[in-house]
Amino acid sequence: MVKNIQQICGFVLTIGIVLLTSGCINKKGKSELFSTKSICKSIWREKFKVYSGGAHSAELFSDYLTDSINFRKFIGTHDEWSSFDYECDGDKIIVKKYAHDGHTKKVSKVFSFEISKLVIHGKFE
């Protein structure tokens with residue numbers, strides 16, 4: 001009987017660990033490229049699917065800005081209820097994050113990057 005209890009406890013512990021670790025999402029994941037879009041001259045937005053909830057949950061995407069040679073900058077994550085929009089203004093890229101409610105979209109965050117500084121720092125996130 002003690003052996004059966006140990007087996008049951010081991011099984012429950014294993015299932016618990018699997019459930020806990022499957023809930024961890026690498027929001028900066030780059031394993032599945034979803035799309036690439038030209039933002040401005042030699043600057044691209046790469047969109048990666050980092051999580052697919054199937055029929056019961058929304059997909060989660062991560063956006064990056066890159067020139068493919070000198071830098072890749074993580075912008076953030078979004079699902080079907082949010083998105084990013086990009087605008088070039090000389091050396092500056094203006095990023096707007098939108099929240100969607102099904103009928104309208106509202107700007108929830110605005111930030112910008114200088115392309116020259118991204119190239120100088122040379123980080124690949």
# chains A, B, ... in the order shown; residues from 1 in each chain; ligands from 1

call {"tool": "residues_around", "arguments": {"residues": "A:Leu33", "least_positions_apart": "3", "cutoff": "9 Å", "atoms": "only C-alpha atoms", "output": "ChimeraX atom specification"}}
result
/A:30,36,46-49

call {"tool": "residues_around", "arguments": {"residues": "A:Ser68", "least_positions_apart": "5", "cutoff": "9 Å", "atoms": "only C-alpha atoms", "output": "PyMOL selection string"}}
result
chain A and resi 42-44

call {"tool": "write_last_selection", "arguments": {"atoms": "C-alpha atoms", "output": "PDB file, in the first residue's frame"}}
result
ATOM      1  CA  SER A  42      16.408  49.268 -44.264  1.00  0.00           C
ATOM      2  CA  ILE A  43      14.371  48.890 -41.039  1.00  0.00           C
ATOM      3  CA  TRP A  44      12.036  45.956 -40.566  1.00  0.00           C
TER       4      TRP A  44
END

call {"tool": "closest_residue", "arguments": {"among": "A:Ser116, A:Ser52, A:Ser38, A:Ser108", "to": "A:Phe84", "atoms": "only C-alpha atoms"}}
result
A:Ser108

call {"tool": "select_by_dssp", "arguments": {"residues": "stretch 65-119 of chain A", "states": "helix (DSSP H, G or I)", "output": "ChimeraX atom specification"}}
result
/A:115-119

call {"tool": "residues_around", "arguments": {"residues": "stretch 94-96 of chain A", "least_positions_apart": "2", "cutoff": "10 Å", "atoms": "only C-alpha atoms", "output": "JSON, numbers by chain"}}
result
{"A": [75, 83, 84, 85, 86, 87, 88, 89, 91, 92, 98, 99, 106, 107, 108, 109, 110, 111, 112, 113, 114]}

call {"tool": "write_last_selection", "arguments": {"atoms": "N, CA and C atoms", "output": "PDB file, in the first residue's frame"}}
result
ATOM      1  N   ILE A  75      10.339  45.181 -29.007  1.00  0.00           N
ATOM      2  CA  ILE A  75       9.368  46.262 -28.820  1.00  0.00           C
ATOM      3  C   ILE A  75       8.343  45.888 -27.757  1.00  0.00           C
ATOM      4  N   SER A  83      -2.123  46.019 -30.637  1.00  0.00           N
ATOM      5  CA  SER A  83      -1.231  45.997 -31.795  1.00  0.00           C
ATOM      6  C   SER A  83      -0.229  47.139 -31.686  1.00  0.00           C
ATOM      7  N   PHE A  84       0.791  47.088 -32.528  1.00  0.00           N
ATOM      8  CA  PHE A  84       1.774  48.154 -32.639  1.00  0.00           C
ATOM      9  C   PHE A  84       1.678  48.781 -34.017  1.00  0.00           C
ATOM     10  N   ASP A  85       1.941  50.078 -34.079  1.00  0.00           N
ATOM     11  CA  ASP A  85       2.035  50.785 -35.347  1.00  0.00           C
ATOM     12  C   ASP A  85       3.341  51.559 -35.332  1.00  0.00           C
ATOM     13  N   TYR A  86       3.985  51.656 -36.492  1.00  0.00           N
ATOM     14  CA  TYR A  86       5.314  52.253 -36.594  1.00  0.00           C
ATOM     15  C   TYR A  86       5.296  53.401 -37.591  1.00  0.00           C
ATOM     16  N   GLU A  87       6.033  54.461 -37.251  1.00  0.00           N
ATOM     17  CA  GLU A  87       6.134  55.620 -38.127  1.00  0.00           C
ATOM     18  C   GLU A  87       7.582  56.105 -38.125  1.00  0.00           C
ATOM     19  N   CYS A  88       8.119  56.356 -39.309  1.00  0.00           N
ATOM     20  CA  CYS A  88       9.482  56.877 -39.423  1.00  0.00           C
ATOM     21  C   CYS A  88       9.448  58.389 -39.551  1.00  0.00           C
ATOM     22  N   ASP A  89      10.348  59.032 -38.828  1.00  0.00           N
ATOM     23  CA  ASP A  89      10.487  60.485 -38.886  1.00  0.00           C
ATOM     24  C   ASP A  89      11.977  60.806 -38.847  1.00  0.00           C
ATOM     25  N   ASP A  91      15.574  60.134 -38.420  1.00  0.00           N
ATOM     26  CA  ASP A  91      16.344  59.106 -37.710  1.00  0.00           C
ATOM     27  C   ASP A  91      15.524  58.451 -36.591  1.00  0.00           C
ATOM     28  N   LYS A  92      14.307  58.883 -36.413  1.00  0.00           N
ATOM     29  CA  LYS A  92      13.478  58.413 -35.302  1.00  0.00           C
ATOM     30  C   LYS A  92      12.381  57.472 -35.802  1.00  0.00           C
ATOM     31  N   TYR A  98      -1.568  50.104 -29.503  1.00  0.00           N
ATOM     32  CA  TYR A  98      -3.006  50.303 -29.483  1.00  0.00           C
ATOM     33  C   TYR A  98      -3.689  49.200 -28.684  1.00  0.00           C
ATOM     34  N   ALA A  99      -4.774  49.585 -28.025  1.00  0.00           N
ATOM     35  CA  ALA A  99      -5.660  48.622 -27.377  1.00  0.00           C
ATOM     36  C   ALA A  99      -6.949  48.593 -28.191  1.00  0.00           C
ATOM     37  N   LYS A 106      -7.561  52.428 -29.397  1.00  0.00           N
ATOM     38  CA  LYS A 106      -7.072  53.615 -28.712  1.00  0.00           C
ATOM     39  C   LYS A 106      -5.589  53.452 -28.434  1.00  0.00           C
ATOM     40  N   VAL A 107      -4.866  54.547 -28.558  1.00  0.00           N
ATOM     41  CA  VAL A 107      -3.433  54.531 -28.250  1.00  0.00           C
ATOM     42  C   VAL A 107      -3.271  54.342 -26.748  1.00  0.00           C
ATOM     43  N   SER A 108      -2.515  53.311 -26.366  1.00  0.00           N
ATOM     44  CA  SER A 108      -2.286  53.052 -24.948  1.00  0.00           C
ATOM     45  C   SER A 108      -0.866  53.425 -24.519  1.00  0.00           C
ATOM     46  N   LYS A 109       0.042  53.541 -25.494  1.00  0.00           N
ATOM     47  CA  LYS A 109       1.433  53.854 -25.169  1.00  0.00           C
ATOM     48  C   LYS A 109       2.123  54.372 -26.428  1.00  0.00           C
ATOM     49  N   VAL A 110       2.992  55.373 -26.271  1.00  0.00           N
ATOM     50  CA  VAL A 110       3.789  55.901 -27.380  1.00  0.00           C
ATOM     51  C   VAL A 110       5.232  56.003 -26.909  1.00  0.00           C
ATOM     52  N   PHE A 111       6.157  55.505 -27.721  1.00  0.00           N
ATOM     53  CA  PHE A 111       7.579  55.642 -27.418  1.00  0.00           C
ATOM     54  C   PHE A 111       8.351  55.697 -28.727  1.00  0.00           C
ATOM     55  N   SER A 112       9.621  56.052 -28.657  1.00  0.00           N
ATOM     56  CA  SER A 112      10.407  56.196 -29.891  1.00  0.00           C
ATOM     57  C   SER A 112      11.847  55.741 -29.682  1.00  0.00           C
ATOM     58  N   PHE A 113      12.503  55.492 -30.806  1.00  0.00           N
ATOM     59  CA  PHE A 113      13.903  55.081 -30.820  1.00  0.00           C
ATOM     60  C   PHE A 113      14.624  55.851 -31.913  1.00  0.00           C
ATOM     61  N   GLU A 114      15.882  56.171 -31.663  1.00  0.00           N
ATOM     62  CA  GLU A 114      16.715  56.760 -32.696  1.00  0.00           C
ATOM     63  C   GLU A 114      17.487  55.635 -33.372  1.00  0.00           C
TER      64      GLU A 114
END

call {"tool": "residues_around", "arguments": {"residues": "A:His121", "least_positions_apart": "6", "cutoff": "12 Å", "atoms": "only C-alpha atoms", "output": "tab-separated table (two decimals) with C-alpha atoms, in the first residue's frame"}}
result
chain	number	residue	atom	x	y	z
A	70	ASN	CA	23.49	45.88	-36.57
A	71	PHE	CA	20.62	45.50	-34.12
A	72	ARG	CA	17.37	43.80	-33.14
A	73	LYS	CA	15.26	45.68	-30.59
A	114	GLU	CA	16.72	56.76	-32.70
A	115	ILE	CA	17.99	54.47	-35.44

call {"tool": "closest_residue", "arguments": {"among": "A:Asp63, A:Glu125, A:Asp79, A:Asp101", "to": "A:Glu32", "atoms": "only C-alpha atoms"}}
result
A:Asp63

call {"tool": "closest_residue", "arguments": {"among": "A:Val119, A:Phe61, A:Asp67, A:Trp81", "to": "A:Lys41", "atoms": "only C-alpha atoms"}}
result
A:Asp67

call {"tool": "atom_distance", "arguments": {"atom1": "atom CA of A:Phe34", "atom2": "atom CA of A:Phe74"}}
result
15.1 Å

call {"tool": "atom_distance", "arguments": {"atom1": "atom CA of A:Ile93", "atom2": "atom CA of A:Ile120"}}
result
15.4 Å

call {"tool": "closest_residue", "arguments": {"among": "A:Lys37, A:Lys123, A:Lys97, A:His78", "to": "A:Leu60", "atoms": "only C-alpha atoms"}}
result
A:His78

call {"tool": "closest_residue", "arguments": {"among": "A:His100, A:Lys105, A:Lys117, A:Arg45", "to": "A:Thr66", "atoms": "only C-alpha atoms"}}
result
A:Arg45

call {"tool": "closest_residue", "arguments": {"among": "A:Thr77, A:Phe124, A:Gly90, A:Leu65", "to": "A:Val50", "atoms": "only C-alpha atoms"}}
result
A:Thr77

call {"tool": "select_by_dssp", "arguments": {"residues": "stretch 53-83 of chain A", "states": "strand (DSSP E)", "output": "MDAnalysis selection string"}}
result
chainID A and resid 60:66 72:78 82:83
